[in-house]
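S.K.: Please see the structure below; I have some questions.
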Amino acid sequence: MTAKETIQQGKAILGIEFGSTRIKAVLVDQENNPIAQGSHEWENQLVDGLWTYSVEAIWYGLQDCYADLRKDVMAKYDCEIEILAAIGFSAMMHGYMAFNKQQNILVPFRTWRNTNTAKAAAELSELFVYNIPLRWSISHLYQCILDNEEHVTDIDFITTLAGYIHWQVTGEKVLGIGDASGMLPIDPQTRDYSAEMVAKFDKLVEPKGFSWKLLDILPQVKLAGESAGFLTAEGAKKLDISGHLKPGIPVCPPEGDAGTGMVATNAVKQRTGNVSAGTSSFSMIVLEKDLTKPYEMIDMVTTPDGSLVAMVHCNNCTSDLNAWVNLFKEYQQLLGIPVDMNEVFGKLYNNALTGDADCGGLIAYNYISGEPVTGLAEGRPMFVRSANDKFNLANFMRANLYASVGVLKIGNDILFNDEHVKVDRITGHGGLFKTKGVGQRVLAAAINSPISVMETAGEGGAWGIALLASFLVNNPEAKTLAGWLEDCVFAGNTGEEIAPTAEDVEGFNKWIENYKRGLAIEQAAVNNKA
């Protein structure tokens, strides 16, 4: 069947993911190969001290992204999308979207990037004897309670961004287990919210006299492959404002970007892992057993089919690195030289590999926003050097590349050095890995482990959620998610691997010690509002 026939016969599958800076749609065929795509650029806003995206921006972004996909389909295949085999929606995990009975949002969407929930997260971590990160939905909810925010009494439903989109186009208040595990801890035995923690939370807030209990306002947890509803007539109009898309299409459980990253890199099986490196970065290691104790730097979440995952999440990754690269772009424009950004990135990144393994003493802090792993409530992007350091372009770029995965290393050192977690394969994906071989080598040195990158890594989470939608309708043999990915999607392809060199590992280890000592400089800048 050709791609055009696949679309015309309603066999194509759609995945849409809301990333930090881009909403992306990927259309795949029955063999899960991408056949069309669309996108929409957007940015979060800092409103009243909190990072948010408006509801209007969410819907305009979704509709514009889908319109861009339609345009791509028309240009390539001269046909319209009218029916699909399945759809999946994914988005940035965590955060807080609270609604009343009239389905009106009560306060602006509070994203994962906010760090105003420190008191709530600390108290809940102690209560649950479990690490509760600042960005988790339960932290946001409890912080609202601590702050006596009036809207809490009116809450009828709280969810994530992916859950919100799914609810609005299907009518179903559900969430994939991976995304749900970023709202409240999941019990790996029941594959549902921890009943013990739900009870503890309800008892904690009982004196407030709210009309709701916690389970009343949380979305229902769904596993990959389970039915999560169908596109309604109203939902079809919200997605496709041209009116061509028909209702009745099955929609898979909505998932977070961490879950789709695991799927897109074939890393849902135990002893596999992946690292996503873009605006933010996170590593996901699928565990054979629970860790010996809770760690503030490590979040326990799940795969889309419910396996326990140790997650190290960093708020900052490539934003500051990209800002520096843009300076070189401006310089090139001043010289009147045509700019090819792929060439600019390629030249600078590859030149970085010629620098000293320890960056010649140069240190960079890429903290556009706060960084909970290193205890920074706010961020100040900063480049630090002493007069005697080896200050040249290669070392400068290498230091900024190291900074993009420095915090990630601090968290993963706990897993590999303290908990002795075993991993057979780690796969990288995201913008950091676009320049062939460079991000891979830097990450391999940082976590002292071979790193694989697949050709499909650039497809990202939109392809990952399309695969989960495909798993819903194209799994006649009822395989497990890991088995289906291995047999039906990747067929043994593990990508190209780069192993760390002893020199790079030693250099990164020396650099990270300087980095840790220099955190006091970053903290001083924050304290003094510099």
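Ordering of the structure tokens sets the chain letters (A, B, ...); residue numbers start at 1 within each chain; ligands are numbered from 1 in the order shown.
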Sort by chain and increasing residue number a table of all residues of stretch 372-425 of chain A within 8 Å of stretch 110-115 of chain A, each with its closest pair of atoms and their distance in Å to one decimal, counting only C-alpha atoms, and write it as a tab-separated table.
M.R.:
residue	atom	partner	partner_atom	distance
A:Pro372	CA	A:Thr115	CA	7.6
A:Ala377	CA	A:Thr115	CA	6.0
A:Glu378	CA	A:Thr115	CA	7.7
S.K.: Name the residues in contact with stretch 439-444 of chain A at a cut-off of 7 Å, using only C-alpha atoms, excluding same-chain residues fewer than 3 positions from it; report them as a ChimeraX atom specification.
M.R.: /A:402,405,432-433,447-451,498-500
S.K.: Quick one: pull the distance between atom CA of A:Gly370 and atom CA of A:Arg517, Å, one decimal.
M.R.: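 We find that atom CA of A:Gly370 and atom CA of A:Arg517 lie 17.7 Å from each other.
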S.K.: Quick one: residues within 8 Å of stretch 460-468 of chain A, only C-alpha atoms counted, chain neighbours fewer than 6 positions away excluded, as JSON, numbers by chain?
M.R.: {"A": [13, 14, 15, 16, 17, 24, 25, 26, 27, 28, 32, 34, 87, 88, 89, 90, 224, 225, 252, 255, 257, 260, 261, 262, 263, 264, 429, 430]}
S.K.: Take the residues from that selection and write them out as a PDB file, in the first residue's frame, keeping C-alpha atoms.
M.R.:
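Final output, result_30.pdb:
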ATOM      1  CA  ILE A  13      -1.789   6.884  12.502  1.00  0.00           C
ATOM      2  CA  LEU A  14      -1.230  10.332  14.005  1.00  0.00           C
ATOM      3  CA  GLY A  15       0.992  11.308  16.915  1.00  0.00           C
ATOM      4  CA  ILE A  16       1.141  14.880  18.266  1.00  0.00           C
ATOM      5  CA  GLU A  17       3.519  16.024  20.994  1.00  0.00           C
ATOM      6  CA  LYS A  24       5.078  18.411  16.328  1.00  0.00           C
ATOM      7  CA  ALA A  25       2.745  16.082  14.436  1.00  0.00           C
ATOM      8  CA  VAL A  26       3.913  12.876  12.773  1.00  0.00           C
ATOM      9  CA  LEU A  27       1.772  10.711  10.496  1.00  0.00           C
ATOM     10  CA  VAL A  28       2.931   7.087  10.184  1.00  0.00           C
ATOM     11  CA  ASN A  32       5.196   2.743  11.617  1.00  0.00           C
ATOM     12  CA  PRO A  34       6.769   8.489   9.132  1.00  0.00           C
ATOM     13  CA  ILE A  87      -4.383   9.108  17.326  1.00  0.00           C
ATOM     14  CA  GLY A  88      -2.126   9.793  20.305  1.00  0.00           C
ATOM     15  CA  PHE A  89      -1.384  12.991  22.239  1.00  0.00           C
ATOM     16  CA  SER A  90       1.704  13.626  24.298  1.00  0.00           C
ATOM     17  CA  ALA A 224      -0.250   1.372  26.947  1.00  0.00           C
ATOM     18  CA  GLY A 225      -2.527  -0.624  24.658  1.00  0.00           C
ATOM     19  CA  CYS A 252      -4.493   5.872  22.901  1.00  0.00           C
ATOM     20  CA  GLU A 255       1.523  10.168  27.658  1.00  0.00           C
ATOM     21  CA  ASP A 257       7.387  13.271  26.826  1.00  0.00           C
ATOM     22  CA  THR A 260       7.316   8.788  24.370  1.00  0.00           C
ATOM     23  CA  GLY A 261      11.082   9.212  24.503  1.00  0.00           C
ATOM     24  CA  MET A 262      11.403   5.714  25.935  1.00  0.00           C
ATOM     25  CA  VAL A 263       9.212   4.317  23.162  1.00  0.00           C
ATOM     26  CA  ALA A 264      10.998   6.241  20.375  1.00  0.00           C
ATOM     27  CA  HIS A 429      17.780  11.487  21.327  1.00  0.00           C
ATOM     28  CA  GLY A 430      16.994  15.160  20.996  1.00  0.00           C
TER      29      GLY A 430
END
S.K.: Can you list every residue in stretch 146-187 of chain A that DSSP puts in helix (DSSP H, G or I), as a PyMOL selection string?
M.R.: chain A and resi 146+150-154+161-170+177-180
S.K.: Would you mind telling me which residue in A:Ala121, A:Val47, A:Leu184, A:Val169 lies nearest to A:Cys144 when using only C-alpha atoms?
M.R.: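 With only C-alpha atoms as the atom set, the closest residue is A:Ala121.
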